[in-house]
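Down below is the structure, laid out as structure tokens.
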Amino acid sequence: MAHQLVTANRLVDGEVVYLTHSGAWSERLQDAAIDDDQTRQAQLLALGEAAERTLAVVEAYLMPVELRDGKVSPVTQRERIRALGPTIRVDLGKQAAAGA
Amino acid sequence: MVLIRSDGARAYDPWTALADEVPVPPSGDIVVTLERWQAQREELAEHPGRLGLRLRAEQLAEAVGGDIASFSLIALEFPKFSDGRPYSTARLLRERYGFTGELRAVGHVLQDQFLFMERCGFDAFQVEDEETAGAWARSIEEIGVFYQPAGDARHPVGRLRHGAARSSLVG
Amino acid sequence: MYRYDEFDQALVDQRVTQFRGQVARRLTGEVAENEFKPLRLMNGLYLQLHAYMLRVAIPYGTLDARQMRALAAIARRYDRGYGHFTTRQNLQYNWIKLEETPDLLADLAEVQMHAIQTSGNCIRNVTADHYAGVAADEVEDPRIYSEIVRQWSTLHPEFSFLPRKFKIAVTGAARDRAAIAVHDIGLRLRRNLKGEIGFEVMVGGGLGRTPVIGKTIREFLPRAHLLSYLEAILRVYNQLGRRDNIYKARLKILVNQTGAPAFAEMVEREWQTIKDGALALPREEIERIKAYFAGPAYETIAEPVAAFDARLLSDDAFALWVKTNVARHKVPGYAIVNISLKATNETPGDASAAQMDAIADLAERYSHGEIRVTHEQNLVLPYVRKADAAALWEGLRAHGLATPNIGLISDIIACPGLDYCNLANARSIPVAQRVSRRFADLRRQHEIGDIKVKISGCINACGHHHVGHIGLLGVDKKGEEFYQITLGGSADENAAIGKILGPAFSYDEVVDALEEVVSTYLTLREADETFNASVARLGLQPFKERLYGAH
């Protein structure tokens, strides 16, 4: 069973965010709540969709990830780019903030 | 459901929607579907009360244009606010076929479309809630410049521009 | 260029207030996202991969220095210090916050700009030839009519909820620099036998999932009837365009389905009933708008311009730049200067705020303050005296804006792609950069000659790959980026949709594959054949063999 997490965009500024265990949204992929159980994944998604109604975020969805040595990695190129920033401007996006 | 007119005022709705399978009542203002009208034209024409017609978005003005004299009300349905067909139907009913009765927007009618609808000839709007109804005045007043002629009486900019030029010549 | 009067200004100001209210209602939850989305789209605001993206309208690609400075200021204040010029002559900002957008729009309104109808299922920016008003082969300046159509289409109450987006382009010359054949409506200014000016009208062109070349439904439409005829087309489309499937909702699908003659017939029938009504364009109104596009007070300058010619002879670098980036002007002593936004290792079409400011200064100094945006993601200074060309060149060079590659292989059109765009399957920009680096040698570029490489990151084809001489379409194969190559496309008056060469190439292989295509051309071309001429003569076979071998 694949690991998934819930991601969305923050309503006010479009920033990519990840749903954490506490129900808060973090800008950092590594803070995300990850689960490999389908039922709990559905619960996470429901939390994400509830957050759409409380105006925190838009377009919440489940996203598959890999876990390696405790580090979370996106599986697709698209999610890698969402998590980091544009590949051709490493001075922009999350990758820049992280000092990557 | 709240019905408002094009002055934003709440209106009482005397009309009854007549489902296709329900027999025509002896009196009263009834709204029928296009299918019903086409099937029972003679009987409905005899109806002592007023007749209204409700069109779905895919039922275009051409289908009823010749019959508008029979109707005091035509309701055009917006199945989704994004379905823009009723705007054309409305304009054609007003401007091509000369419909002078109540032209009512029903279905998914949002405050952000009021001005477009009114400009196309709608003069009654059935909305979901009081909140939407209350937004009428603001929505209608929000934009005061109109670049193109439509079904309404508002002067498009062209008229104002050339009018102004003429009056400055006269003055 | 067109100057706002109090009515135009009032409209953009009111629009800002309206949108401010809509954003406020969104942020309090009074309106849900599904109802808000079309409202923000009709103000050009998309939700992209990293943030909101705002598409600012640059009507028919014309702006002045003051407006360019405002775009630079906005880039600094609300974004990350740069913007992207698009294939529809607009500008995009990639890092916008929803809550700041009303203020941003207010700043735009102060310089007579807006983002109205740059997205959504409505009539979009009416584009035009970027050499409008200064090209020798022009019948009349197409921007006159782009402006007239712009006004008519803005907040049109009947056509704000079309089945899908609607794009109109106008060219003033037989040589089509506006890609009219791949627009929903393409208008070509022409004269009839009596010498009267009117339009050839094409409909149903478009790119995307199902690329189609437009069909001419009217050979000659008198100018006076422009708006009524357009209204007839839009009304037929609004009523009959498909609403059940967004991939089948464009006008091209309807025209294809009914057949162009039958479609023309429907338009004609509608048009006959409205042509002499309120939409008839009086001669005075055309002349009134035309006056705005009269151009600057040109000096009378004798050719040849000695300083210019001397510099050409003495300065190879200058000569190389003139060869590709400077085009002939209709007025003696003047030149059309192209500003390349395709420097190696930069993002095609991007300009930093500092570059925008520099361009504004140079435009003021050397081009009567006017700038154009091309649909190939470059800029133009339309009114440059040849005597000033060298000084201008030095000014451009200082800001990385003088890459001498207009029309060459490194002058690549690339959509933002997966680096920015929510819709993308693959990245475009780094592929463009790698192609540019591979062919960095200018001598080699000149050996290859005129060639248009266009890259799209997905089937929506915002990079116009279908009409590239070499087109690259990014696709997703099991989470990996692959690129399909097409050959022989063209967006000019000999419009053609490129043909697929074969199976797609990986991100790592595609530049090699493209180089193989170019080498094949160089090997097999006859005399001075351009790339597309060779492809037309040879067909795809030699290229297939080279790329895919005997398989």
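Letters A, B, ... mark the chains of the structure tokens in the order given; residue numbers begin at 1 per chain; ligand numbers begin at 1, in order shown.
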Next on the checklist: If we count only C-alpha atoms and set the cut-off at 8 Å, which residues sit around Val31 (chain B), ignoring sequence neighbours fewer than 2 positions away in its own chain? Please answer as a PyMOL selection string.
Outcome noted: chain B and resi 15-18+29+33+51-54+73
Give me a file of those residues, with N, CA and C atoms, as a CSV table (one decimal), in the first residue's frame.
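Contents of part_17.csv, as written:
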chain,number,residue,atom,x,y,z
B,15,TRP,N,-46.9,32.7,-10.4
B,15,TRP,CA,-46.9,31.6,-11.3
B,15,TRP,C,-46.7,30.2,-10.7
B,16,THR,N,-47.3,29.2,-11.3
B,16,THR,CA,-47.2,27.8,-10.9
B,16,THR,C,-46.5,27.1,-12.0
B,17,ALA,N,-45.5,26.3,-11.7
B,17,ALA,CA,-44.8,25.5,-12.7
B,17,ALA,C,-45.7,24.3,-12.9
B,18,LEU,N,-46.1,24.0,-14.1
B,18,LEU,CA,-46.9,22.8,-14.4
B,18,LEU,C,-46.0,21.7,-14.9
B,29,ASP,N,-52.2,31.1,-13.4
B,29,ASP,CA,-51.0,31.4,-14.2
B,29,ASP,C,-50.1,30.2,-14.2
B,33,THR,N,-43.5,23.6,-20.0
B,33,THR,CA,-42.2,23.3,-20.8
B,33,THR,C,-42.5,23.5,-22.3
B,51,LEU,N,-50.2,32.4,-19.5
B,51,LEU,CA,-49.3,31.3,-19.9
B,51,LEU,C,-47.9,31.7,-19.8
B,52,GLY,N,-47.1,30.8,-19.2
B,52,GLY,CA,-45.6,31.1,-19.2
B,52,GLY,C,-44.9,29.9,-19.8
B,53,LEU,N,-43.7,30.1,-20.2
B,53,LEU,CA,-42.9,29.1,-20.9
B,53,LEU,C,-41.6,29.0,-20.2
B,54,ARG,N,-41.1,27.8,-19.9
B,54,ARG,CA,-39.8,27.6,-19.3
B,54,ARG,C,-38.9,26.9,-20.3
B,73,LEU,N,-44.9,35.3,-19.7
B,73,LEU,CA,-43.7,35.0,-19.0
B,73,LEU,C,-42.9,34.0,-19.8
Show me, as a tab-separated table, the residues of chain C having an atom within 9 Å of chain B, each with the closest atom pair and its distance in Å, using only C-alpha atoms.
residue	atom	partner	partner_atom	distance
C:Phe7	CA	B:Val145	CA	6.4
C:Asp8	CA	B:Val145	CA	7.8
C:Ala10	CA	B:Val145	CA	7.0
C:Leu11	CA	B:Val145	CA	5.7
C:Gln14	CA	B:Ile143	CA	5.7
C:Arg15	CA	B:Ile143	CA	6.9
C:Thr17	CA	B:Glu142	CA	7.8
C:Gln18	CA	B:Glu142	CA	6.2
C:Gln22	CA	B:Asp112	CA	8.7
C:Glu35	CA	B:Phe81	CA	8.4
C:Pro38	CA	B:Ser82	CA	8.1
C:Leu39	CA	B:Asp112	CA	8.1
C:Asn121	CA	B:Ser82	CA	8.5
C:Gln151	CA	B:Tyr147	CA	5.7
C:Trp152	CA	B:Gln148	CA	5.2
C:Ser153	CA	B:Gln148	CA	7.7
C:Thr154	CA	B:Tyr147	CA	6.8
C:Leu155	CA	B:Phe146	CA	7.7
C:His156	CA	B:Gln148	CA	6.8
C:Pro157	CA	B:Phe116	CA	4.3
C:Glu158	CA	B:Tyr87	CA	5.0
C:Phe159	CA	B:Gly84	CA	7.1
C:Ser160	CA	B:Gly84	CA	7.1
C:Phe161	CA	B:Gly84	CA	4.4
C:Leu162	CA	B:Gly84	CA	5.7
C:Pro163	CA	B:Asp83	CA	7.2
C:Arg235	CA	B:Ser88	CA	6.6
C:Asn238	CA	B:Arg85	CA	5.9
C:Gln239	CA	B:Arg85	CA	5.3
C:Leu240	CA	B:Glu58	CA	8.3
C:Arg243	CA	B:Asp83	CA	7.4
C:Thr273	CA	B:Arg96	CA	8.4
C:Ala278	CA	B:Pro149	CA	6.7
C:Leu279	CA	B:Pro149	CA	7.3
C:Glu285	CA	B:Gly158	CA	8.3
Next on the checklist: Rounded to one decimal, what separation in Å do you get between CA of Leu44 (chain A) and CA of Gly93 (chain A)?
Outcome noted: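 Pair CA of Leu44 (chain A) / CA of Gly93 (chain A) returns 25.7 Å.
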Checklist entry - For chain A against chain C, which residues fall within 8 Å using only C-alpha atoms, given as a ChimeraX atom specification? => result /A:9,11-16,53-55,58,75-78,81-82,85-88,92-93
Selection to disk with N, CA and C atoms, as an mmCIF file, in the first residue's frame:
data_model
loop_
_atom_site.group_PDB
_atom_site.id
_atom_site.type_symbol
_atom_site.label_atom_id
_atom_site.label_comp_id
_atom_site.auth_asym_id
_atom_site.auth_seq_id
_atom_site.Cartn_x
_atom_site.Cartn_y
_atom_site.Cartn_z
ATOM 1 N N ASN A 9 -3.175 24.131 -1.958
ATOM 2 C CA ASN A 9 -2.585 25.470 -2.074
ATOM 3 C C ASN A 9 -3.279 26.374 -1.069
ATOM 4 N N LEU A 11 -5.143 29.434 0.300
ATOM 5 C CA LEU A 11 -6.074 30.309 -0.416
ATOM 6 C C LEU A 11 -5.506 31.709 -0.640
ATOM 7 N N VAL A 12 -4.973 32.314 0.407
ATOM 8 C CA VAL A 12 -4.628 33.735 0.307
ATOM 9 C C VAL A 12 -3.454 34.014 -0.630
ATOM 10 N N ASP A 13 -2.523 33.070 -0.726
ATOM 11 C CA ASP A 13 -1.349 33.375 -1.542
ATOM 12 C C ASP A 13 -0.934 32.254 -2.482
ATOM 13 N N GLY A 14 -1.675 31.154 -2.509
ATOM 14 C CA GLY A 14 -1.374 30.073 -3.446
ATOM 15 C C GLY A 14 -0.196 29.204 -3.072
ATOM 16 N N GLU A 15 0.418 29.447 -1.912
ATOM 17 C CA GLU A 15 1.587 28.680 -1.484
ATOM 18 C C GLU A 15 1.218 27.209 -1.336
ATOM 19 N N VAL A 16 2.130 26.336 -1.786
ATOM 20 C CA VAL A 16 1.914 24.899 -1.641
ATOM 21 C C VAL A 16 2.052 24.535 -0.172
ATOM 22 N N ARG A 53 -13.325 24.385 3.265
ATOM 23 C CA ARG A 53 -14.508 25.118 3.696
ATOM 24 C C ARG A 53 -14.161 26.157 4.759
ATOM 25 N N THR A 54 -13.106 25.948 5.511
ATOM 26 C CA THR A 54 -12.726 26.963 6.484
ATOM 27 C C THR A 54 -11.785 27.986 5.854
ATOM 28 N N LEU A 55 -11.654 27.927 4.568
ATOM 29 C CA LEU A 55 -10.946 28.963 3.807
ATOM 30 C C LEU A 55 -9.442 28.975 3.989
ATOM 31 N N VAL A 58 -7.225 25.681 -0.968
ATOM 32 C CA VAL A 58 -8.038 25.236 -2.099
ATOM 33 C C VAL A 58 -7.432 23.957 -2.677
ATOM 34 N N VAL A 75 6.853 11.323 -5.589
ATOM 35 C CA VAL A 75 7.064 10.268 -6.576
ATOM 36 C C VAL A 75 7.098 10.830 -8.000
ATOM 37 N N THR A 76 6.356 11.917 -8.239
ATOM 38 C CA THR A 76 6.302 12.462 -9.603
ATOM 39 C C THR A 76 7.129 13.730 -9.719
ATOM 40 N N GLN A 77 7.510 14.035 -10.942
ATOM 41 C CA GLN A 77 8.256 15.250 -11.229
ATOM 42 C C GLN A 77 7.442 16.477 -10.823
ATOM 43 N N ARG A 78 6.162 16.433 -11.119
ATOM 44 C CA ARG A 78 5.279 17.546 -10.798
ATOM 45 C C ARG A 78 5.303 17.861 -9.309
ATOM 46 N N ILE A 81 8.588 19.348 -8.165
ATOM 47 C CA ILE A 81 8.666 20.775 -8.485
ATOM 48 C C ILE A 81 7.786 21.591 -7.548
ATOM 49 N N ARG A 82 6.620 21.077 -7.207
ATOM 50 C CA ARG A 82 5.758 21.772 -6.249
ATOM 51 C C ARG A 82 6.435 21.892 -4.882
ATOM 52 N N GLY A 85 10.258 24.150 -6.137
ATOM 53 C CA GLY A 85 10.259 25.391 -6.893
ATOM 54 C C GLY A 85 10.666 25.108 -8.324
ATOM 55 N N PRO A 86 10.693 26.131 -9.166
ATOM 56 C CA PRO A 86 11.032 25.908 -10.575
ATOM 57 C C PRO A 86 12.473 25.389 -10.692
ATOM 58 N N THR A 87 12.686 24.401 -11.553
ATOM 59 C CA THR A 87 14.025 23.802 -11.670
ATOM 60 C C THR A 87 15.013 24.760 -12.318
ATOM 61 N N ILE A 88 14.474 25.742 -13.073
ATOM 62 C CA ILE A 88 15.378 26.638 -13.797
ATOM 63 C C ILE A 88 15.615 27.941 -13.049
ATOM 64 N N LEU A 92 14.330 30.708 -6.488
ATOM 65 C CA LEU A 92 12.923 30.993 -6.212
ATOM 66 C C LEU A 92 12.223 29.783 -5.640
ATOM 67 N N GLY A 93 11.186 30.030 -4.869
ATOM 68 C CA GLY A 93 10.369 28.949 -4.344
ATOM 69 C C GLY A 93 10.918 28.404 -3.042
#
Next on the checklist: Report, in Å with one decimal, the straight-line distance from CA of Gln377 (chain C) to CA of Ile339 (chain C).
Outcome noted: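 Value for the CA of Gln377 (chain C)-CA of Ile339 (chain C) distance: 9.7 Å.
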Checklist entry - C:Arg66, C:His399, C:Arg443, C:Arg365: which is nearest Arg385 (chain C), counting only C-alpha atoms? => result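 Checking each candidate against Arg385 (chain C), we get C:Arg365 as the closest.
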List the spatial neighbours of Val24 (chain B) as a PDB file with N, CA and C atoms, in the first residue's frame - criterion: any atom at most 12 Å away, only C-alpha atoms, same-chain residues fewer than 2 positions off excluded.
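result_29.pdb, written as the output of this step:
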ATOM      1  N   THR B  16     -47.324  29.231 -11.327  1.00  0.00           N
ATOM      2  CA  THR B  16     -47.165  27.835 -10.911  1.00  0.00           C
ATOM      3  C   THR B  16     -46.505  27.064 -12.041  1.00  0.00           C
ATOM      4  N   ALA B  17     -45.452  26.347 -11.687  1.00  0.00           N
ATOM      5  CA  ALA B  17     -44.824  25.499 -12.701  1.00  0.00           C
ATOM      6  C   ALA B  17     -45.670  24.259 -12.865  1.00  0.00           C
ATOM      7  N   LEU B  18     -46.074  23.988 -14.103  1.00  0.00           N
ATOM      8  CA  LEU B  18     -46.908  22.823 -14.361  1.00  0.00           C
ATOM      9  C   LEU B  18     -46.040  21.694 -14.901  1.00  0.00           C
ATOM     10  N   ALA B  19     -45.925  20.621 -14.099  1.00  0.00           N
ATOM     11  CA  ALA B  19     -45.140  19.478 -14.571  1.00  0.00           C
ATOM     12  C   ALA B  19     -45.809  18.860 -15.784  1.00  0.00           C
ATOM     13  N   ASP B  20     -45.018  18.287 -16.644  1.00  0.00           N
ATOM     14  CA  ASP B  20     -45.522  17.775 -17.923  1.00  0.00           C
ATOM     15  C   ASP B  20     -46.669  16.782 -17.772  1.00  0.00           C
ATOM     16  N   GLU B  21     -46.621  15.979 -16.700  1.00  0.00           N
ATOM     17  CA  GLU B  21     -47.615  14.904 -16.606  1.00  0.00           C
ATOM     18  C   GLU B  21     -48.876  15.355 -15.865  1.00  0.00           C
ATOM     19  N   VAL B  22     -48.829  16.561 -15.289  1.00  0.00           N
ATOM     20  CA  VAL B  22     -49.996  17.054 -14.525  1.00  0.00           C
ATOM     21  C   VAL B  22     -50.987  17.706 -15.491  1.00  0.00           C
ATOM     22  N   PRO B  26     -57.955  24.383 -14.442  1.00  0.00           N
ATOM     23  CA  PRO B  26     -58.970  25.211 -15.096  1.00  0.00           C
ATOM     24  C   PRO B  26     -58.621  26.701 -15.128  1.00  0.00           C
ATOM     25  N   SER B  27     -57.748  27.119 -14.206  1.00  0.00           N
ATOM     26  CA  SER B  27     -57.407  28.544 -14.174  1.00  0.00           C
ATOM     27  C   SER B  27     -56.021  28.708 -13.580  1.00  0.00           C
ATOM     28  N   GLY B  28     -55.621  29.943 -13.446  1.00  0.00           N
ATOM     29  CA  GLY B  28     -54.328  30.225 -12.823  1.00  0.00           C
ATOM     30  C   GLY B  28     -53.237  30.491 -13.840  1.00  0.00           C
ATOM     31  N   ASP B  29     -52.173  31.138 -13.359  1.00  0.00           N
ATOM     32  CA  ASP B  29     -51.018  31.432 -14.232  1.00  0.00           C
ATOM     33  C   ASP B  29     -50.082  30.235 -14.191  1.00  0.00           C
ATOM     34  N   ILE B  30     -49.907  29.612 -15.311  1.00  0.00           N
ATOM     35  CA  ILE B  30     -49.115  28.379 -15.358  1.00  0.00           C
ATOM     36  C   ILE B  30     -47.926  28.503 -16.298  1.00  0.00           C
ATOM     37  N   VAL B  31     -46.843  27.875 -15.865  1.00  0.00           N
ATOM     38  CA  VAL B  31     -45.627  27.830 -16.679  1.00  0.00           C
ATOM     39  C   VAL B  31     -45.458  26.408 -17.193  1.00  0.00           C
ATOM     40  N   VAL B  32     -45.327  26.273 -18.491  1.00  0.00           N
ATOM     41  CA  VAL B  32     -45.179  24.945 -19.081  1.00  0.00           C
ATOM     42  C   VAL B  32     -43.837  24.819 -19.787  1.00  0.00           C
ATOM     43  N   ARG B  36     -44.370  20.540 -23.597  1.00  0.00           N
ATOM     44  CA  ARG B  36     -45.800  20.598 -23.289  1.00  0.00           C
ATOM     45  C   ARG B  36     -46.512  21.542 -24.247  1.00  0.00           C
ATOM     46  N   TRP B  37     -45.921  22.678 -24.465  1.00  0.00           N
ATOM     47  CA  TRP B  37     -46.502  23.669 -25.362  1.00  0.00           C
ATOM     48  C   TRP B  37     -46.673  23.100 -26.759  1.00  0.00           C
ATOM     49  N   GLN B  40     -49.479  20.390 -26.688  1.00  0.00           N
ATOM     50  CA  GLN B  40     -50.869  20.749 -26.353  1.00  0.00           C
ATOM     51  C   GLN B  40     -51.172  22.205 -26.658  1.00  0.00           C
ATOM     52  N   ARG B  41     -50.633  22.663 -27.733  1.00  0.00           N
ATOM     53  CA  ARG B  41     -50.738  24.070 -28.098  1.00  0.00           C
ATOM     54  C   ARG B  41     -52.173  24.591 -28.034  1.00  0.00           C
ATOM     55  N   GLU B  42     -53.091  23.898 -28.703  1.00  0.00           N
ATOM     56  CA  GLU B  42     -54.477  24.395 -28.782  1.00  0.00           C
ATOM     57  C   GLU B  42     -55.112  24.496 -27.406  1.00  0.00           C
ATOM     58  N   GLU B  43     -54.966  23.419 -26.638  1.00  0.00           N
ATOM     59  CA  GLU B  43     -55.588  23.407 -25.316  1.00  0.00           C
ATOM     60  C   GLU B  43     -55.028  24.528 -24.449  1.00  0.00           C
ATOM     61  N   LEU B  44     -53.708  24.700 -24.508  1.00  0.00           N
ATOM     62  CA  LEU B  44     -53.081  25.723 -23.679  1.00  0.00           C
ATOM     63  C   LEU B  44     -53.471  27.126 -24.132  1.00  0.00           C
ATOM     64  N   ALA B  45     -53.630  27.297 -25.417  1.00  0.00           N
ATOM     65  CA  ALA B  45     -54.012  28.612 -25.929  1.00  0.00           C
ATOM     66  C   ALA B  45     -55.389  29.022 -25.399  1.00  0.00           C
ATOM     67  N   GLU B  46     -56.214  28.016 -25.077  1.00  0.00           N
ATOM     68  CA  GLU B  46     -57.548  28.286 -24.554  1.00  0.00           C
ATOM     69  C   GLU B  46     -57.549  28.608 -23.071  1.00  0.00           C
ATOM     70  N   HIS B  47     -56.431  28.337 -22.404  1.00  0.00           N
ATOM     71  CA  HIS B  47     -56.358  28.481 -20.954  1.00  0.00           C
ATOM     72  C   HIS B  47     -56.709  29.908 -20.533  1.00  0.00           C
ATOM     73  N   PRO B  48     -57.653  30.051 -19.601  1.00  0.00           N
ATOM     74  CA  PRO B  48     -58.094  31.396 -19.195  1.00  0.00           C
ATOM     75  C   PRO B  48     -57.027  32.189 -18.443  1.00  0.00           C
ATOM     76  N   GLY B  49     -56.172  31.499 -17.688  1.00  0.00           N
ATOM     77  CA  GLY B  49     -55.114  32.200 -16.968  1.00  0.00           C
ATOM     78  C   GLY B  49     -53.976  32.560 -17.920  1.00  0.00           C
ATOM     79  N   LEU B  51     -50.198  32.382 -19.544  1.00  0.00           N
ATOM     80  CA  LEU B  51     -49.314  31.286 -19.899  1.00  0.00           C
ATOM     81  C   LEU B  51     -47.850  31.711 -19.804  1.00  0.00           C
TER      82      LEU B  51
END
Checklist entry - Mind checking DSSP for region 31-214 of chain C and telling me the strand (DSSP E or B) residues as a ChimeraX atom specification? => result /C:45-47,52-57,62-64,82-85,91-96,114,123,127-128,138,166,168-171,173,185-191,197-203,206,212
Next on the checklist: Need to verify the contact set: Asp315 (chain C), 10 Å, only C-alpha atoms, exclusion of same-chain residues closer than 5 positions in sequence. Can you return it as a list in words?
Outcome noted: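 Selected residues are Ala310, Leu320 and Ala390 of chain C.
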Item to check | Between CA of Glu77 (chain B) and CA of Ala24 (chain C) - distance in Å to one decimal | outcome: 28.6 Å
As a PDB file with C-alpha atoms, in the first residue's frame, please: the residues near Thr20 (chain A) (cut-off 8 Å, only C-alpha atoms, same-chain neighbours under 4 positions excluded).
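In the end it all went to result.pdb:
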ATOM      1  CA  ALA A  24      -2.382  22.502  10.623  1.00  0.00           C
ATOM      2  CA  TRP A  25      -0.876  23.168   7.225  1.00  0.00           C
ATOM      3  CA  SER A  26       2.870  23.390   6.751  1.00  0.00           C
ATOM      4  CA  ASP A  31       6.168  18.078   8.141  1.00  0.00           C
ATOM      5  CA  ALA A  32       3.400  16.250   6.321  1.00  0.00           C
ATOM      6  CA  ALA A  33       1.300  13.532   7.881  1.00  0.00           C
TER       7      ALA A  33
END
Item to check | Long-range neighbours of region 435-438 of chain C as a ChimeraX atom specification, 10 Å cut-off, only C-alpha atoms, 3 positions minimum in chain | outcome: /C:342-346,409-412,429-432,441,445,453,510-512,514-515
Go ahead and write the selection's residues with N, CA and C atoms as a PDB file, in the first residue's frame.
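File produced: part-v4.pdb:
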ATOM      1  N   LYS C 342      15.721  35.929 -25.627  1.00  0.00           N
ATOM      2  CA  LYS C 342      16.126  34.525 -25.758  1.00  0.00           C
ATOM      3  C   LYS C 342      17.623  34.379 -25.557  1.00  0.00           C
ATOM      4  N   ALA C 343      18.157  35.051 -24.564  1.00  0.00           N
ATOM      5  CA  ALA C 343      19.581  34.869 -24.276  1.00  0.00           C
ATOM      6  C   ALA C 343      19.800  33.439 -23.785  1.00  0.00           C
ATOM      7  N   THR C 344      20.965  32.883 -24.144  1.00  0.00           N
ATOM      8  CA  THR C 344      21.278  31.522 -23.686  1.00  0.00           C
ATOM      9  C   THR C 344      21.210  31.474 -22.170  1.00  0.00           C
ATOM     10  N   ASN C 345      20.664  30.403 -21.632  1.00  0.00           N
ATOM     11  CA  ASN C 345      20.554  30.190 -20.181  1.00  0.00           C
ATOM     12  C   ASN C 345      19.498  31.042 -19.494  1.00  0.00           C
ATOM     13  N   GLU C 346      18.818  31.922 -20.246  1.00  0.00           N
ATOM     14  CA  GLU C 346      17.688  32.640 -19.662  1.00  0.00           C
ATOM     15  C   GLU C 346      16.403  31.912 -20.024  1.00  0.00           C
ATOM     16  N   ILE C 409      17.698  29.327 -34.643  1.00  0.00           N
ATOM     17  CA  ILE C 409      17.264  28.161 -33.872  1.00  0.00           C
ATOM     18  C   ILE C 409      17.219  28.422 -32.367  1.00  0.00           C
ATOM     19  N   SER C 410      18.004  29.355 -31.873  1.00  0.00           N
ATOM     20  CA  SER C 410      17.968  29.620 -30.430  1.00  0.00           C
ATOM     21  C   SER C 410      16.862  30.604 -30.051  1.00  0.00           C
ATOM     22  N   ASP C 411      16.122  31.095 -31.022  1.00  0.00           N
ATOM     23  CA  ASP C 411      14.968  31.972 -30.767  1.00  0.00           C
ATOM     24  C   ASP C 411      13.757  31.061 -30.570  1.00  0.00           C
ATOM     25  N   ILE C 412      13.753  30.401 -29.426  1.00  0.00           N
ATOM     26  CA  ILE C 412      12.782  29.337 -29.181  1.00  0.00           C
ATOM     27  C   ILE C 412      11.579  29.885 -28.453  1.00  0.00           C
ATOM     28  N   ILE C 429      11.027  24.875 -20.363  1.00  0.00           N
ATOM     29  CA  ILE C 429      12.093  25.871 -20.293  1.00  0.00           C
ATOM     30  C   ILE C 429      13.492  25.241 -20.297  1.00  0.00           C
ATOM     31  N   PRO C 430      13.766  24.245 -19.477  1.00  0.00           N
ATOM     32  CA  PRO C 430      15.128  23.693 -19.511  1.00  0.00           C
ATOM     33  C   PRO C 430      15.442  23.004 -20.825  1.00  0.00           C
ATOM     34  N   VAL C 431      14.430  22.472 -21.493  1.00  0.00           N
ATOM     35  CA  VAL C 431      14.674  21.879 -22.817  1.00  0.00           C
ATOM     36  C   VAL C 431      15.080  22.993 -23.785  1.00  0.00           C
ATOM     37  N   ALA C 432      14.358  24.105 -23.733  1.00  0.00           N
ATOM     38  CA  ALA C 432      14.706  25.248 -24.585  1.00  0.00           C
ATOM     39  C   ALA C 432      16.123  25.718 -24.298  1.00  0.00           C
ATOM     40  N   ASP C 441      26.728  28.282 -30.920  1.00  0.00           N
ATOM     41  CA  ASP C 441      27.621  28.818 -31.944  1.00  0.00           C
ATOM     42  C   ASP C 441      26.821  29.562 -33.016  1.00  0.00           C
ATOM     43  N   GLN C 445      24.306  28.626 -36.175  1.00  0.00           N
ATOM     44  CA  GLN C 445      22.913  29.073 -36.229  1.00  0.00           C
ATOM     45  C   GLN C 445      22.598  29.703 -37.583  1.00  0.00           C
ATOM     46  N   VAL C 453      11.666  26.807 -33.540  1.00  0.00           N
ATOM     47  CA  VAL C 453      11.488  25.687 -32.619  1.00  0.00           C
ATOM     48  C   VAL C 453      10.503  26.134 -31.557  1.00  0.00           C
ATOM     49  N   VAL C 510      16.107  14.135 -25.859  1.00  0.00           N
ATOM     50  CA  VAL C 510      15.385  14.935 -26.857  1.00  0.00           C
ATOM     51  C   VAL C 510      16.273  15.949 -27.571  1.00  0.00           C
ATOM     52  N   VAL C 511      17.235  16.518 -26.866  1.00  0.00           N
ATOM     53  CA  VAL C 511      18.076  17.522 -27.531  1.00  0.00           C
ATOM     54  C   VAL C 511      18.964  16.858 -28.589  1.00  0.00           C
ATOM     55  N   ASP C 512      19.460  15.669 -28.256  1.00  0.00           N
ATOM     56  CA  ASP C 512      20.220  14.906 -29.270  1.00  0.00           C
ATOM     57  C   ASP C 512      19.338  14.639 -30.484  1.00  0.00           C
ATOM     58  N   LEU C 514      16.766  16.303 -31.532  1.00  0.00           N
ATOM     59  CA  LEU C 514      16.553  17.537 -32.275  1.00  0.00           C
ATOM     60  C   LEU C 514      17.777  17.858 -33.119  1.00  0.00           C
ATOM     61  N   GLU C 515      18.956  17.630 -32.548  1.00  0.00           N
ATOM     62  CA  GLU C 515      20.190  17.888 -33.300  1.00  0.00           C
ATOM     63  C   GLU C 515      20.289  16.963 -34.515  1.00  0.00           C
TER      64      GLU C 515
END
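The list of residues with at least one atom within 12 Å of Ala50 (chain A), based on only C-alpha atoms and without residues fewer than 2 positions apart in the same chain, reads A:Ala8, A:Leu19, A:Gly23, A:Ala24, A:Gln43, A:Leu44, A:Leu45, A:Ala46, A:Leu47, A:Gly48, A:Glu52, A:Arg53, A:Thr54, A:Leu55, A:Ala56, A:Val57, A:Val58, A:Glu59, A:Ala60, A:Tyr61.
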